[in-house]
Amino acid sequence: MKQHYLTPLFEPASIAVIGASVTPGAVGTTVFSNLLEGGYAGKLYPVNLKHATVLEHKAFKTISKIGKPVDLAIITTPSKTLIELVTECCKYGVKGLVIMSCDFVGTADKSRDLLDKLLVICRQYGVRLLGPTVFGQARPVSKLNSGNYAGSIKSGSMALVSQSSSVASAILDWAESQDVGFSSVISLGSAVDMDVGETLDYLVTDPKTRSILLYVEDVSDARTFMSALRAAARTKPVMVLKVGRYDGGEKLGRTHSERLIGSDEVFDNALRRAGVLRLRSINQLFIAARVLPRNYKTRGRRLAVITNGIGAGMMAVDRAGDLHIQLPKLSQSTIARLDSFLPAQSSHDNPIDILGNASAARFHAATDAVLADENVDGVLVVFTPQMGTDHMATAEAMIALAKTTDKPILLAWIGGKKVVASRKLLAKHNMAYFSTPEHAVEVFWSLASWQYNQQLLLQTPGPLGEWDAPDLESARMILDNALANGRQGLDELESKAILRAFHIPVTTTVRAASAEAAVTAAMGMGLPVVLKLDVEGLTHKTDVDGVVLNLTTLMAVSSEANRLLGRARERFGDKLRGLTVQPMISLKHGRELMVGVATDPAFGPVISFGAGGIAVEVFNDVAVALPPLNEYLADNLIRRTRVKNMLGEFRNQPPADVHAIKSVLMRVSEMVCELPQIQHLDINPLIVDENGAVALDARIYVAPIPEKARRYGHMAIHPYPSNLVQVTQLKNGLPMTIRPIRPEDAEMIVRFVAGLSEETRYNRYMSTLKALSQSQLVRFTQIDYAREMALVSTVQGETGEMIVAVARFVVNVDYDSCEFAIVIDDRWQGKGLGGQLMEGLFTAARDMRLSTVEGEVLSSNTNMLAFMRRLGFEITRHPEDEGLKWVVKRL
């Protein structure tokens with residue numbers, strides 16, 4: 001694989017510190033000293049106009065005087081010098097810049113103007129810029145400490161990314177006291193160029209980083225952020241602390257969804273969908289920093305508590321109850337095993353009290369027995385220093401036991417002076433220890449929540465329309481007509497027509513301009529009926545007494561129609577279009593629900609679900625989810641509301657048709673994926689009973705699509721690209737399907753790679769790889785369709801569907817080109833498969849507005865090179881490796 005494009009920024013072979021000095025307290029002094037003291041092994045050049053040497057290193061007046069390549073330049077001089085210095089660095093060929101000017105205030109208008117100018121210069125020369133930032137960055141695993149921090153940073157496997165230099169420094173100060181280490185520490189500062197998403201993207205590929213802590217204040221590019229976050233979370237634990245949870249002020253909006261959904265709820269859901277655990281306080285972040293390096297995982301929420309003090313054990317039990325953590329019954333075999341060595345007066349229930357005088361051996365035996373219980377997902381050991389206990393020996397026993405199990409062992413080491421030494425021992429061995437039982441229980445809850453979020457991450461909703469396709473043409477015609485006439489809001493008939501186009505059941509609705517027309521409509525559809533005012537721009541008709549229910553006679557229809565129209569003419573004038581008439585739906589067991597869509601400024605369309613009716617905002621029972629949805633995600637959305645309790649069987653009510661609700665949610669998801677014009681939507685009420693669901697009312701608001709918008713560019717999570725699915729055939733007439741890869745293809749990919757010949761495997765992977773590792777399998781099958789594509793060719797074999805070829809590309813950093821690869825099973829080569837697969841890949845690249853497809857081919861792979869020529873690739877010498885050819889095709 002090619003070196004990541006940010007490597008020169010985070011792992012530079014040479015560094016120039018512009019403003020390096022010996023002035024006490026100066027940023028240039030701290031940064032240069034830290035680089036020296038940290039043992040940086042690359043070339044280091046101080047740049048200073050006034051001094052010939054800095055800390056016994058030859059200084060250069062300007063970067064151009066160095067005369068040797070420089071990967072990274074760190075600028076610590078005042079902001080007034082930046083234009084000149086950044087321009088000089090770019091012209092000199094520097095690959096990365098870090099701005100650490102201490103007088104920079106990124107929020108001021110003058111500073112914003114300066115940032116814009118600096119970004120233009122860097123983009124002109126293709127130079128990446130980190131900051132402006134007070135802290136900078138450090139990479140302890142490479143002995144690179146270029147941070148503005150007066151303290152030591154221990155090497156470790158956890159990366160810290162922060163949008164605040166002060167928070168980064170506070171975490172480092174705490175970490176130093178707790179002996180916690182880091183692979184990288186990156187403070188993004190104003191993030192004029194480098195943002196959270198790109199930084200995460202680098203850490204995903206970093207083998208030295210096994211877990212990531214992220215402090216976020218805002219997200220500027222949700223698509224890049226979510227893309228990188230999901231890629232990272234597939235292979236590494238990621239935990240996020242975000243501040244600014246409350247919007248402040250009363251939310252205004254045209255629809256219930258718009259008013260009910262808060263930006264923090266959206267962010268929270270985005271993190272869950274990304275397989276990430278959200279932290280709520282700096283204290284939780286400190287705890288996470290201690291737990292992450294252990295790479296703990298739990299399969300569920302079942303916790304066993306072992307204690308030598310029942311009072312301390314009950315503290316854990318109470319907190320577990322608060323968090324709905326299960327304290328399971330132990331199996332009979334575990335109880336029998338405990339009976340064999342515990343004193344008779346011990347409690348063998350959960351929590352397990354092994355008595356105050358418990359020895360290290362008793363702690364070890366009890367913990368070992370409970371860990372082996374199939375009913376237990378994790379164990380909390382609560383130690384209190386008492387007569388007869390040995391805190392050091394017990395700590396050593398727990399350290400030894402942790403090496404024998406994949407279940408988490410959490411330790412509550414209660415006390416102060418008496419347990420200081422054993423706590424240090426636990427810290428040295430990266431054990432998850434805490435000073436209170438409650439903290440330990442909270443961490444177990446977090447681990448269980450993280451594992452649950454990982455299941456959400458794995459969800460890649462496939463196309464709903466494979467068998468029952470929506471009428472996209474009609475839906476788009478309605479939207480285009482409204483926008484062409486300068487309207488943002490669709491009326492009820494138009495809104496229901498959109499829903500009907502996506503196979504969402506709706507009530508029949510007829511427009512009536514007069515009372516006579518209303519009577520005619522009622523005669524046609526049958527009594528009883530509902531009358532509603534039809535007024536341009538009026539969203540909530542009940543607020544103006546504009547709805548009359550259950551009209552059972554034609555005389556009542558005529559009378560109420562005249563009454564509604566008479567009052568409305570005076571109030572609404574030319575905006576009054578008349579009335580709408582629809583059947584009165586009165587379901588004995590019906591529940592009123594609401595389904596909505598709102599558009600978040602950062603994350604795009606958000607789907608809401610909850611209790612419906614006129615009091616929807618009073619009860620505020622709503623949960624949100626980012627599309628696309630599948631049945632699992634729709635079910636999860638329903639279960640996060642209080643109204644779910646009304647959907648089951650209770651008293652004389654039969655259970656509601658939850659499958660119908662999920663179908664509506666998935667259809668709404670499909671709608672907002674395919675129709676980026678939709679900004680807001682309310683289906684309220686959606687009535688559901690044991691026989692199905694039907695939308696009684698709907699309202700949609702729209703906006704034009706940006707002229708150069710990419711397909712699905714309005715979404716934070718790219719849907720499954722069903723437009724790329726095609727059923728075709730090989731030269732011999734055998735049917736074949738070409739489609740984008742899915743996570744559930746993992747098993748077929750394993751068999752596919754195992755069946756390749758050594759030559760084919762070497763030509764594709766440039767190694768003698770015989771099987772994909774778990775991380776490679778995740779990487780190849782759980783892709784982000786927004787920045788990469790993998791197409792598989794499948795045929796029906798004796799045992800079912802089988803993959804016979806794979807072609808993929810990854811978008812380059814310029815977002816204009818991509819690097820591709822293709823491999824075909826030896827038995828299926830020469831059948832015309834490769835050409836069709838590559839044409840599908842070209843179509844996907846064009847959909848992403850890419851202009852170039854490029855890649856590497858072994859010089860010895862003559863068949864592939866000939867294939868490339870037939871496809872119109874230009875073949876040239878590889879710039880870095882003579883054993884390879886560089887192939888390029890302009891689209």
# chains A, B, ... in the order shown; residues from 1 in each chain; ligands from 1
>>> residues_around(residues="range 786-793 of chain A", least_positions_apart="3", cutoff="7 Å", atoms="only C-alpha atoms", output="list in words")
His718, Met736, Thr737, Ile738, Arg739, Pro740, Ile741, Ile783, Ile803, Val804, Ala805, Val806, Ala807, Arg808, Phe809, Val810 and Val811 of chain A
>>> closest_residue(among="A:Ala517, A:Ile607, A:Leu858, A:Ala482", to="Gln677 in chain A", atoms="only C-alpha atoms")
A:Ala482
>>> closest_residue(among="A:Phe60, A:Ile638, A:Pro140, A:Ser111", to="Asn34 in chain A", atoms="only C-alpha atoms")
A:Pro140
>>> residues_around(residues="range 508-512 of chain A", least_positions_apart="2", cutoff="6 Å", atoms="only C-alpha atoms", output="PDB file with N, CA, C and O atoms, in the first residue's frame")
ATOM      1  N   SER A 514     -65.838  23.742  -2.914  1.00  0.00           N
ATOM      2  CA  SER A 514     -67.086  24.269  -2.366  1.00  0.00           C
ATOM      3  C   SER A 514     -67.750  23.203  -1.509  1.00  0.00           C
ATOM      4  O   SER A 514     -67.359  22.027  -1.511  1.00  0.00           O
ATOM      5  N   ALA A 517     -69.098  20.440  -3.706  1.00  0.00           N
ATOM      6  CA  ALA A 517     -68.058  19.492  -4.124  1.00  0.00           C
ATOM      7  C   ALA A 517     -67.681  18.559  -2.980  1.00  0.00           C
ATOM      8  O   ALA A 517     -67.385  17.374  -3.199  1.00  0.00           O
ATOM      9  N   ALA A 518     -67.719  19.078  -1.764  1.00  0.00           N
ATOM     10  CA  ALA A 518     -67.414  18.247  -0.598  1.00  0.00           C
ATOM     11  C   ALA A 518     -68.467  17.161  -0.428  1.00  0.00           C
ATOM     12  O   ALA A 518     -68.154  16.004  -0.117  1.00  0.00           O
ATOM     13  N   GLY A 578     -59.797  25.811  -0.513  1.00  0.00           N
ATOM     14  CA  GLY A 578     -61.019  25.045  -0.340  1.00  0.00           C
ATOM     15  C   GLY A 578     -60.909  24.064   0.800  1.00  0.00           C
ATOM     16  O   GLY A 578     -60.368  24.389   1.874  1.00  0.00           O
ATOM     17  N   LEU A 579     -61.400  22.859   0.576  1.00  0.00           N
ATOM     18  CA  LEU A 579     -61.407  21.812   1.596  1.00  0.00           C
ATOM     19  C   LEU A 579     -60.804  20.529   1.034  1.00  0.00           C
ATOM     20  O   LEU A 579     -60.681  20.369  -0.187  1.00  0.00           O
ATOM     21  N   THR A 580     -60.436  19.641   1.938  1.00  0.00           N
ATOM     22  CA  THR A 580     -60.124  18.271   1.535  1.00  0.00           C
ATOM     23  C   THR A 580     -61.074  17.343   2.270  1.00  0.00           C
ATOM     24  O   THR A 580     -61.458  17.590   3.422  1.00  0.00           O
ATOM     25  N   VAL A 581     -61.436  16.278   1.579  1.00  0.00           N
ATOM     26  CA  VAL A 581     -62.364  15.297   2.140  1.00  0.00           C
ATOM     27  C   VAL A 581     -61.672  13.940   2.134  1.00  0.00           C
ATOM     28  O   VAL A 581     -61.057  13.545   1.131  1.00  0.00           O
ATOM     29  N   GLN A 582     -61.759  13.224   3.268  1.00  0.00           N
ATOM     30  CA  GLN A 582     -61.177  11.894   3.327  1.00  0.00           C
ATOM     31  C   GLN A 582     -62.014  11.015   4.243  1.00  0.00           C
ATOM     32  O   GLN A 582     -62.756  11.518   5.097  1.00  0.00           O
TER      33      GLN A 582
END
>>> select_by_dssp(residues="range 639-849 of chain A", states="strand (DSSP E)", output="PyMOL selection string")
chain A and resi 678-689+692-695+698-702+726-729+735-740+788-797+800-811+817-824
>>> residues_around(residues="Val305 in chain A", least_positions_apart="5", cutoff="6 Å", atoms="only C-alpha atoms", output="PyMOL selection string")
chain A and resi 351+379-380
>>> closest_residue(among="A:Glu11, A:Glu839, A:Glu707, A:Glu37", to="Lys95 in chain A", atoms="only C-alpha atoms")
A:Glu11
>>> closest_residue(among="A:Ala440, A:Ile171, A:Leu472, A:Leu533", to="Cys673 in chain A", atoms="only C-alpha atoms")
A:Leu472
>>> residues_around(residues="range 79-83 of chain A", least_positions_apart="3", cutoff="12 Å", atoms="only C-alpha atoms", output="ChimeraX atom specification")
/A:18-19,74-76,86-90,97-106,110-122,132-133
>>> write_last_selection(atoms="C-alpha atoms", output="mmCIF file, in the first residue's frame")
data_model
loop_
_atom_site.group_PDB
_atom_site.id
_atom_site.type_symbol
_atom_site.label_atom_id
_atom_site.label_comp_id
_atom_site.auth_asym_id
_atom_site.auth_seq_id
_atom_site.Cartn_x
_atom_site.Cartn_y
_atom_site.Cartn_z
ATOM 1 C CA ILE A 18 10.644 28.423 12.535
ATOM 2 C CA GLY A 19 11.007 30.640 15.558
ATOM 3 C CA ILE A 74 6.476 24.227 12.557
ATOM 4 C CA ILE A 75 5.875 27.977 12.670
ATOM 5 C CA THR A 76 5.928 29.535 16.152
ATOM 6 C CA VAL A 86 3.896 29.987 4.705
ATOM 7 C CA THR A 87 4.548 31.156 1.142
ATOM 8 C CA GLU A 88 8.279 30.563 1.562
ATOM 9 C CA CYS A 89 7.733 27.080 3.032
ATOM 10 C CA CYS A 90 5.386 26.088 0.211
ATOM 11 C CA LEU A 97 2.848 22.821 8.112
ATOM 12 C CA VAL A 98 1.897 23.289 11.759
ATOM 13 C CA ILE A 99 1.041 26.850 12.810
ATOM 14 C CA MET A 100 1.573 27.516 16.526
ATOM 15 C CA SER A 101 1.529 31.326 16.634
ATOM 16 C CA CYS A 102 0.559 32.160 20.213
ATOM 17 C CA ASP A 103 -1.184 35.445 19.274
ATOM 18 C CA PHE A 104 -3.644 33.792 16.905
ATOM 19 C CA VAL A 105 -7.347 34.133 17.749
ATOM 20 C CA GLY A 106 -9.162 31.985 15.222
ATOM 21 C CA LYS A 110 -9.296 39.617 10.936
ATOM 22 C CA SER A 111 -7.937 36.178 11.809
ATOM 23 C CA ARG A 112 -10.563 34.502 9.628
ATOM 24 C CA ASP A 113 -9.418 36.576 6.674
ATOM 25 C CA LEU A 114 -5.814 35.576 7.366
ATOM 26 C CA LEU A 115 -6.790 31.900 7.595
ATOM 27 C CA ASP A 116 -8.520 32.067 4.232
ATOM 28 C CA LYS A 117 -5.402 33.550 2.628
ATOM 29 C CA LEU A 118 -3.148 30.910 4.208
ATOM 30 C CA LEU A 119 -5.408 28.124 2.991
ATOM 31 C CA VAL A 120 -5.338 29.458 -0.578
ATOM 32 C CA ILE A 121 -1.530 29.453 -0.521
ATOM 33 C CA CYS A 122 -1.332 25.899 0.862
ATOM 34 C CA PRO A 132 -3.487 27.230 14.058
ATOM 35 C CA THR A 133 -3.104 25.410 17.377
#
>>> closest_residue(among="A:Leu285, A:Lys236, A:Val94, A:Ala369", to="Val167 in chain A", atoms="only C-alpha atoms")
A:Leu285
>>> residues_around(residues="Leu200 in chain A", least_positions_apart="4", cutoff="9 Å", atoms="only C-alpha atoms", output="list in words")
Val161, Asp195, Val196, Val204, Thr205, Ile212, Phe225, Ala228, Leu229, Ala231 and Ala232 of chain A
>>> decode(residues="range 561-577 of chain A", atoms="all heavy atoms", output="PDB file, in the first residue's frame")
ATOM      1  N   ALA A 561     -69.023  22.150   5.939  1.00  0.00           N
ATOM      2  CA  ALA A 561     -68.208  22.687   4.851  1.00  0.00           C
ATOM      3  C   ALA A 561     -68.465  24.183   4.689  1.00  0.00           C
ATOM      4  O   ALA A 561     -67.536  24.986   4.539  1.00  0.00           O
ATOM      5  CB  ALA A 561     -68.507  21.949   3.551  1.00  0.00           C
ATOM      6  N   ASN A 562     -69.748  24.575   4.720  1.00  0.00           N
ATOM      7  CA  ASN A 562     -70.077  26.001   4.610  1.00  0.00           C
ATOM      8  C   ASN A 562     -69.529  26.796   5.790  1.00  0.00           C
ATOM      9  O   ASN A 562     -69.039  27.918   5.624  1.00  0.00           O
ATOM     10  CB  ASN A 562     -71.607  26.177   4.520  1.00  0.00           C
ATOM     11  CG  ASN A 562     -72.119  25.914   3.120  1.00  0.00           C
ATOM     12  OD1 ASN A 562     -71.550  26.409   2.143  1.00  0.00           O
ATOM     13  ND2 ASN A 562     -73.194  25.137   3.009  1.00  0.00           N
ATOM     14  N   ARG A 563     -69.619  26.201   6.987  1.00  0.00           N
ATOM     15  CA  ARG A 563     -69.089  26.892   8.178  1.00  0.00           C
ATOM     16  C   ARG A 563     -67.570  27.099   8.083  1.00  0.00           C
ATOM     17  O   ARG A 563     -67.057  28.192   8.315  1.00  0.00           O
ATOM     18  CB  ARG A 563     -69.413  26.086   9.447  1.00  0.00           C
ATOM     19  CG  ARG A 563     -68.970  26.783  10.731  1.00  0.00           C
ATOM     20  CD  ARG A 563     -69.289  25.900  11.939  1.00  0.00           C
ATOM     21  NE  ARG A 563     -68.456  24.707  11.956  1.00  0.00           N
ATOM     22  CZ  ARG A 563     -67.229  24.666  12.484  1.00  0.00           C
ATOM     23  NH1 ARG A 563     -66.674  25.766  12.994  1.00  0.00           N
ATOM     24  NH2 ARG A 563     -66.542  23.537  12.480  1.00  0.00           N
ATOM     25  N   LEU A 564     -66.850  26.044   7.714  1.00  0.00           N
ATOM     26  CA  LEU A 564     -65.385  26.134   7.607  1.00  0.00           C
ATOM     27  C   LEU A 564     -64.977  27.146   6.541  1.00  0.00           C
ATOM     28  O   LEU A 564     -64.088  27.988   6.761  1.00  0.00           O
ATOM     29  CB  LEU A 564     -64.793  24.765   7.273  1.00  0.00           C
ATOM     30  CG  LEU A 564     -64.773  23.716   8.391  1.00  0.00           C
ATOM     31  CD1 LEU A 564     -64.291  22.381   7.847  1.00  0.00           C
ATOM     32  CD2 LEU A 564     -63.879  24.164   9.537  1.00  0.00           C
ATOM     33  N   LEU A 565     -65.624  27.076   5.377  1.00  0.00           N
ATOM     34  CA  LEU A 565     -65.249  27.965   4.275  1.00  0.00           C
ATOM     35  C   LEU A 565     -65.580  29.418   4.591  1.00  0.00           C
ATOM     36  O   LEU A 565     -64.813  30.344   4.266  1.00  0.00           O
ATOM     37  CB  LEU A 565     -65.954  27.531   2.987  1.00  0.00           C
ATOM     38  CG  LEU A 565     -65.455  26.228   2.360  1.00  0.00           C
ATOM     39  CD1 LEU A 565     -66.381  25.787   1.232  1.00  0.00           C
ATOM     40  CD2 LEU A 565     -64.031  26.388   1.845  1.00  0.00           C
ATOM     41  N   GLY A 566     -66.745  29.655   5.236  1.00  0.00           N
ATOM     42  CA  GLY A 566     -67.137  31.013   5.562  1.00  0.00           C
ATOM     43  C   GLY A 566     -66.148  31.688   6.488  1.00  0.00           C
ATOM     44  O   GLY A 566     -65.738  32.845   6.258  1.00  0.00           O
ATOM     45  N   ARG A 567     -65.725  30.991   7.545  1.00  0.00           N
ATOM     46  CA  ARG A 567     -64.749  31.565   8.488  1.00  0.00           C
ATOM     47  C   ARG A 567     -63.376  31.699   7.833  1.00  0.00           C
ATOM     48  O   ARG A 567     -62.655  32.664   8.065  1.00  0.00           O
ATOM     49  CB  ARG A 567     -64.644  30.671   9.722  1.00  0.00           C
ATOM     50  CG  ARG A 567     -65.918  30.669  10.561  1.00  0.00           C
ATOM     51  CD  ARG A 567     -65.819  29.639  11.679  1.00  0.00           C
ATOM     52  NE  ARG A 567     -64.580  29.836  12.422  1.00  0.00           N
ATOM     53  CZ  ARG A 567     -63.942  28.858  13.044  1.00  0.00           C
ATOM     54  NH1 ARG A 567     -64.384  27.623  12.983  1.00  0.00           N
ATOM     55  NH2 ARG A 567     -62.837  29.114  13.716  1.00  0.00           N
ATOM     56  N   ALA A 568     -63.008  30.736   6.994  1.00  0.00           N
ATOM     57  CA  ALA A 568     -61.664  30.741   6.408  1.00  0.00           C
ATOM     58  C   ALA A 568     -61.490  31.844   5.380  1.00  0.00           C
ATOM     59  O   ALA A 568     -60.386  32.388   5.226  1.00  0.00           O
ATOM     60  CB  ALA A 568     -61.359  29.382   5.781  1.00  0.00           C
ATOM     61  N   ARG A 569     -62.568  32.190   4.646  1.00  0.00           N
ATOM     62  CA  ARG A 569     -62.444  33.259   3.633  1.00  0.00           C
ATOM     63  C   ARG A 569     -62.057  34.577   4.279  1.00  0.00           C
ATOM     64  O   ARG A 569     -61.259  35.343   3.731  1.00  0.00           O
ATOM     65  CB  ARG A 569     -63.754  33.397   2.868  1.00  0.00           C
ATOM     66  CG  ARG A 569     -64.042  32.254   1.907  1.00  0.00           C
ATOM     67  CD  ARG A 569     -65.225  32.563   0.991  1.00  0.00           C
ATOM     68  NE  ARG A 569     -65.590  31.383   0.216  1.00  0.00           N
ATOM     69  CZ  ARG A 569     -66.614  30.581   0.532  1.00  0.00           C
ATOM     70  NH1 ARG A 569     -67.367  30.841   1.599  1.00  0.00           N
ATOM     71  NH2 ARG A 569     -66.871  29.521  -0.227  1.00  0.00           N
ATOM     72  N   GLU A 570     -62.646  34.869   5.436  1.00  0.00           N
ATOM     73  CA  GLU A 570     -62.329  36.113   6.138  1.00  0.00           C
ATOM     74  C   GLU A 570     -60.895  36.095   6.670  1.00  0.00           C
ATOM     75  O   GLU A 570     -60.207  37.114   6.663  1.00  0.00           O
ATOM     76  CB  GLU A 570     -63.302  36.311   7.298  1.00  0.00           C
ATOM     77  CG  GLU A 570     -64.737  36.518   6.878  1.00  0.00           C
ATOM     78  CD  GLU A 570     -65.654  36.692   8.076  1.00  0.00           C
ATOM     79  OE1 GLU A 570     -65.127  36.837   9.205  1.00  0.00           O
ATOM     80  OE2 GLU A 570     -66.880  36.678   7.898  1.00  0.00           O
ATOM     81  N   ARG A 571     -60.468  34.941   7.136  1.00  0.00           N
ATOM     82  CA  ARG A 571     -59.152  34.862   7.796  1.00  0.00           C
ATOM     83  C   ARG A 571     -57.998  34.693   6.821  1.00  0.00           C
ATOM     84  O   ARG A 571     -56.934  35.272   6.997  1.00  0.00           O
ATOM     85  CB  ARG A 571     -59.160  33.705   8.796  1.00  0.00           C
ATOM     86  CG  ARG A 571     -57.866  33.551   9.565  1.00  0.00           C
ATOM     87  CD  ARG A 571     -58.031  32.650  10.760  1.00  0.00           C
ATOM     88  NE  ARG A 571     -56.803  32.582  11.538  1.00  0.00           N
ATOM     89  CZ  ARG A 571     -56.690  31.906  12.670  1.00  0.00           C
ATOM     90  NH1 ARG A 571     -57.742  31.270  13.178  1.00  0.00           N
ATOM     91  NH2 ARG A 571     -55.539  31.882  13.315  1.00  0.00           N
ATOM     92  N   PHE A 572     -58.191  33.884   5.754  1.00  0.00           N
ATOM     93  CA  PHE A 572     -57.056  33.530   4.907  1.00  0.00           C
ATOM     94  C   PHE A 572     -57.114  34.128   3.502  1.00  0.00           C
ATOM     95  O   PHE A 572     -56.120  34.094   2.781  1.00  0.00           O
ATOM     96  CB  PHE A 572     -56.949  32.001   4.797  1.00  0.00           C
ATOM     97  CG  PHE A 572     -56.695  31.329   6.114  1.00  0.00           C
ATOM     98  CD1 PHE A 572     -57.691  30.599   6.727  1.00  0.00           C
ATOM     99  CD2 PHE A 572     -55.468  31.453   6.752  1.00  0.00           C
ATOM    100  CE1 PHE A 572     -57.480  29.976   7.945  1.00  0.00           C
ATOM    101  CE2 PHE A 572     -55.241  30.833   7.975  1.00  0.00           C
ATOM    102  CZ  PHE A 572     -56.248  30.101   8.587  1.00  0.00           C
ATOM    103  N   GLY A 573     -58.241  34.657   3.101  1.00  0.00           N
ATOM    104  CA  GLY A 573     -58.340  35.326   1.809  1.00  0.00           C
ATOM    105  C   GLY A 573     -57.940  34.444   0.645  1.00  0.00           C
ATOM    106  O   GLY A 573     -58.405  33.305   0.495  1.00  0.00           O
ATOM    107  N   ASP A 574     -57.016  34.965  -0.197  1.00  0.00           N
ATOM    108  CA  ASP A 574     -56.606  34.270  -1.418  1.00  0.00           C
ATOM    109  C   ASP A 574     -55.841  32.973  -1.152  1.00  0.00           C
ATOM    110  O   ASP A 574     -55.683  32.147  -2.064  1.00  0.00           O
ATOM    111  CB  ASP A 574     -55.740  35.189  -2.282  1.00  0.00           C
ATOM    112  CG  ASP A 574     -56.528  36.372  -2.828  1.00  0.00           C
ATOM    113  OD1 ASP A 574     -57.774  36.270  -2.849  1.00  0.00           O
ATOM    114  OD2 ASP A 574     -55.899  37.376  -3.211  1.00  0.00           O
ATOM    115  N   LYS A 575     -55.345  32.783   0.066  1.00  0.00           N
ATOM    116  CA  LYS A 575     -54.607  31.559   0.375  1.00  0.00           C
ATOM    117  C   LYS A 575     -55.529  30.353   0.553  1.00  0.00           C
ATOM    118  O   LYS A 575     -55.070  29.212   0.565  1.00  0.00           O
ATOM    119  CB  LYS A 575     -53.770  31.752   1.645  1.00  0.00           C
ATOM    120  CG  LYS A 575     -52.606  32.717   1.453  1.00  0.00           C
ATOM    121  CD  LYS A 575     -51.701  32.730   2.681  1.00  0.00           C
ATOM    122  CE  LYS A 575     -50.479  33.617   2.443  1.00  0.00           C
ATOM    123  NZ  LYS A 575     -49.568  33.636   3.610  1.00  0.00           N
ATOM    124  N   LEU A 576     -56.820  30.608   0.695  1.00  0.00           N
ATOM    125  CA  LEU A 576     -57.767  29.507   0.849  1.00  0.00           C
ATOM    126  C   LEU A 576     -58.006  28.826  -0.495  1.00  0.00           C
ATOM    127  O   LEU A 576     -58.431  29.457  -1.459  1.00  0.00           O
ATOM    128  CB  LEU A 576     -59.091  30.044   1.414  1.00  0.00           C
ATOM    129  CG  LEU A 576     -60.214  29.009   1.543  1.00  0.00           C
ATOM    130  CD1 LEU A 576     -59.856  27.948   2.572  1.00  0.00           C
ATOM    131  CD2 LEU A 576     -61.521  29.707   1.903  1.00  0.00           C
ATOM    132  N   ARG A 577     -57.741  27.510  -0.549  1.00  0.00           N
ATOM    133  CA  ARG A 577     -57.975  26.755  -1.774  1.00  0.00           C
ATOM    134  C   ARG A 577     -59.263  25.945  -1.696  1.00  0.00           C
ATOM    135  O   ARG A 577     -59.734  25.432  -2.696  1.00  0.00           O
ATOM    136  CB  ARG A 577     -56.791  25.820  -2.048  1.00  0.00           C
ATOM    137  CG  ARG A 577     -55.533  26.563  -2.472  1.00  0.00           C
ATOM    138  CD  ARG A 577     -54.393  25.614  -2.777  1.00  0.00           C
ATOM    139  NE  ARG A 577     -53.934  24.895  -1.595  1.00  0.00           N
ATOM    140  CZ  ARG A 577     -52.636  24.684  -1.296  1.00  0.00           C
ATOM    141  NH1 ARG A 577     -51.689  25.163  -2.089  1.00  0.00           N
ATOM    142  NH2 ARG A 577     -52.313  24.021  -0.227  1.00  0.00           N
TER     143      ARG A 577
END
